[in-house]
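Visitor: Mind looking over this structure? Questions follow.
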Amino acid sequence: EPHWIGLDAFFSAICFNKVEAEKHGIPAPTSWADLTKPIYKGKVIMPNPSSSGTGYLSVAGWLQTMGEKQGWQFMNGLHQNIDRYTHSGSAPCKLAASGETVIGISFDFPATSLKAKGAPIEVVFPKEGSGWDMEAAAIIKGTPKLEAAKQLLDFAATEQANALYNKSFAVVAIPDVAQPRAGYPADIKGQMIDNDFSWAARERNAILAQWSASFDGKTEAKQ
């Protein structure tokens with residue numbers, strides 16, 4: 001018996017400012033591995049996984065696709081090129097869109113939305129795949145508004161609601177409802193890694209402790 005329903009999925013993506021990159025003679029990356037190259041030194045901003053779910057889904061994705069040893073080696077190399085870590089998952093893409101950085105590691109929704117609004121960015125979906133997470137809904141046990149909650153959840157699971165989710169997200173819970181969205185690869189589901197949510201939840205505290213001990217020094221101060 002299900003205890004919750006998924007609504008839509010979002011996943012890691014790279015925002016690449018074409019104008020700033022051209023000024024510095026910086027090529028567009030095509031992979032996560034590219035971001036460790038010396039040419040990107042000081043030109044990358046990403047979310048801190050301890051304060052941003054977007055940051056954590058990226059880190060968990062790297063560890064799953066690369067393996068633990070290679071994943072941490074990658075993050076060590078990436079850290080050399082990081083300008084700073086933000087506390088917001090969308091901030092790196094917004095900073096890339098405004099020209100404050102060349103590369104922002106973020107997630108697909110702000111990336112494609114800012115591009116559609118005319119920001120001089122390319123949205124890069126790295127060839128190794130992307131870590132991802134989902135939005136979900138459930139009825140909280142003991143709610144005094146049970147009937148209203150049931151009505152809301154019944155609607156949230158409908159094709160009509162999924163069509164509304166598809167206005168912002170390329171991947172929704174009912175696959176047949178999803179229409180192609182501009183800025184995404186045709187096979188967008190192929191971008192999503194085989195994500196082990198149980199592992200990501202079970203290992204979260206240990207991963208964040210190791211990440212903070214290694215990389216927290218470049219995290220921006222909280223406002």
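Every chain in the structure tokens has a letter given in the order shown (A, B, ...), and although residue numbers restart at 1 in each chain, ligands are simply numbered from 1 in the order shown.
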Report the residues of stretch 11-213 of chain A whose backbone DSSP state falls under strand (DSSP E), written as a VMD selection string.

Guide: chain A and resid 11 to 17 44 to 47 82 to 86 103 to 107 121 to 124 132 to 137 171 to 172

Visitor: I'd like the neighbourhood of stretch 107-119 of chain A as a ChimeraX atom specification, where a residue qualifies if any of its atoms comes within 7 Å (using only C-alpha atoms), though same-chain residues fewer than 5 positions away should be ignored.

Guide: /A:10-13,15,54,90,93,97,168-169,183

Visitor: Would you write out those residues with N, CA and C atoms, as a PDB file, in the first residue's frame?

Guide:
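result.pdb, freshly written:
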```pdb
ATOM      1  N   PHE A  10      13.370  16.181 -10.753  1.00  0.00           N
ATOM      2  CA  PHE A  10      14.323  17.223 -11.156  1.00  0.00           C
ATOM      3  C   PHE A  10      15.730  16.669 -10.960  1.00  0.00           C
ATOM      4  N   PHE A  11      16.703  17.183 -11.724  1.00  0.00           N
ATOM      5  CA  PHE A  11      18.021  16.557 -11.710  1.00  0.00           C
ATOM      6  C   PHE A  11      19.118  17.560 -12.017  1.00  0.00           C
ATOM      7  N   SER A  12      20.347  17.155 -11.723  1.00  0.00           N
ATOM      8  CA  SER A  12      21.511  18.022 -11.865  1.00  0.00           C
ATOM      9  C   SER A  12      21.717  18.447 -13.318  1.00  0.00           C
ATOM     10  N   ALA A  13      22.126  19.694 -13.477  1.00  0.00           N
ATOM     11  CA  ALA A  13      22.461  20.219 -14.798  1.00  0.00           C
ATOM     12  C   ALA A  13      23.499  21.320 -14.617  1.00  0.00           C
ATOM     13  N   CYS A  15      24.767  25.111 -15.878  1.00  0.00           N
ATOM     14  CA  CYS A  15      24.470  26.351 -16.585  1.00  0.00           C
ATOM     15  C   CYS A  15      25.800  26.954 -17.041  1.00  0.00           C
ATOM     16  N   THR A  54      19.669  20.216  -3.694  1.00  0.00           N
ATOM     17  CA  THR A  54      20.237  20.127  -5.038  1.00  0.00           C
ATOM     18  C   THR A  54      21.712  19.752  -4.976  1.00  0.00           C
ATOM     19  N   SER A  90      19.404  26.879  -6.646  1.00  0.00           N
ATOM     20  CA  SER A  90      19.223  27.607  -7.900  1.00  0.00           C
ATOM     21  C   SER A  90      20.226  28.740  -8.074  1.00  0.00           C
ATOM     22  N   CYS A  93      23.032  28.707 -10.884  1.00  0.00           N
ATOM     23  CA  CYS A  93      22.550  28.946 -12.244  1.00  0.00           C
ATOM     24  C   CYS A  93      22.209  30.423 -12.434  1.00  0.00           C
ATOM     25  N   ALA A  97      23.797  32.933 -15.116  1.00  0.00           N
ATOM     26  CA  ALA A  97      22.946  33.687 -16.032  1.00  0.00           C
ATOM     27  C   ALA A  97      23.268  35.183 -15.994  1.00  0.00           C
ATOM     28  N   SER A 168       6.431  22.877 -15.968  1.00  0.00           N
ATOM     29  CA  SER A 168       7.705  23.247 -15.339  1.00  0.00           C
ATOM     30  C   SER A 168       8.737  22.131 -15.370  1.00  0.00           C
ATOM     31  N   PHE A 169       8.296  20.872 -15.456  1.00  0.00           N
ATOM     32  CA  PHE A 169       9.208  19.736 -15.354  1.00  0.00           C
ATOM     33  C   PHE A 169       9.040  18.815 -16.553  1.00  0.00           C
ATOM     34  N   GLY A 183      14.862  22.746 -24.613  1.00  0.00           N
ATOM     35  CA  GLY A 183      16.088  22.779 -23.832  1.00  0.00           C
ATOM     36  C   GLY A 183      16.514  21.453 -23.249  1.00  0.00           C
TER      37      GLY A 183
END
```

Visitor: Can you tell me how far atom CA of A:Gly129 sits from atom CA of A:Met192, in Å to one decimal?

Guide: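 Going from atom CA of A:Gly129 over to atom CA of A:Met192, I get 5.8 Å.
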
Visitor: Please report as a Markdown table every residue of stretch 109-183 of chain A lying within 10 Å of stretch 58-65 of chain A, along with the nearest atom pair and their distance in Å (one decimal), using only C-alpha atoms.

Guide:
```
| residue | atom | partner | partner_atom | distance |
| --- | --- | --- | --- | --- |
| A:Glu128 | CA | A:Thr65 | CA | 7.5 |
| A:Gly129 | CA | A:Thr65 | CA | 8.0 |
| A:Ser130 | CA | A:Gly61 | CA | 6.3 |
| A:Gly131 | CA | A:Gly61 | CA | 4.0 |
| A:Trp132 | CA | A:Gly61 | CA | 7.3 |
| A:Asp133 | CA | A:Ser58 | CA | 9.7 |
```

Visitor: For the residues in that selection, give me N, CA and C atoms as a tab-separated table (two decimals), in the first residue's frame.

Guide:
```
chain	number	residue	atom	x	y	z
A	128	GLU	N	27.76	11.67	-18.34
A	128	GLU	CA	27.75	10.57	-17.37
A	128	GLU	C	26.37	10.36	-16.75
A	129	GLY	N	25.45	11.30	-16.96
A	129	GLY	CA	24.14	11.23	-16.34
A	129	GLY	C	24.05	12.19	-15.16
A	130	SER	N	22.86	12.29	-14.59
A	130	SER	CA	22.59	13.24	-13.52
A	130	SER	C	21.92	12.58	-12.33
A	131	GLY	N	22.38	12.95	-11.14
A	131	GLY	CA	21.65	12.60	-9.94
A	131	GLY	C	20.31	13.32	-9.95
A	132	TRP	N	19.31	12.74	-9.29
A	132	TRP	CA	17.99	13.36	-9.34
A	132	TRP	C	17.19	13.06	-8.07
A	133	ASP	N	16.12	13.81	-7.93
A	133	ASP	CA	15.20	13.63	-6.82
A	133	ASP	C	13.81	13.91	-7.34
```

Visitor: Between atom CA of A:Pro185 and atom CA of A:Tyr165, measure the distance and give it in Å to one decimal.

Guide: 18.2 Å

Visitor: I'd like to know which of A:Glu159, A:Lys145, A:Asn195, A:Lys218 is closest to A:Gln80, using only C-alpha atoms.

Guide: A:Lys218

Visitor: Would you please work out which residue, of A:Tyr56, A:Trp32, A:Phe125, A:Tyr85, is nearest to A:Ala200 when using only C-alpha atoms?

Guide: A:Tyr56
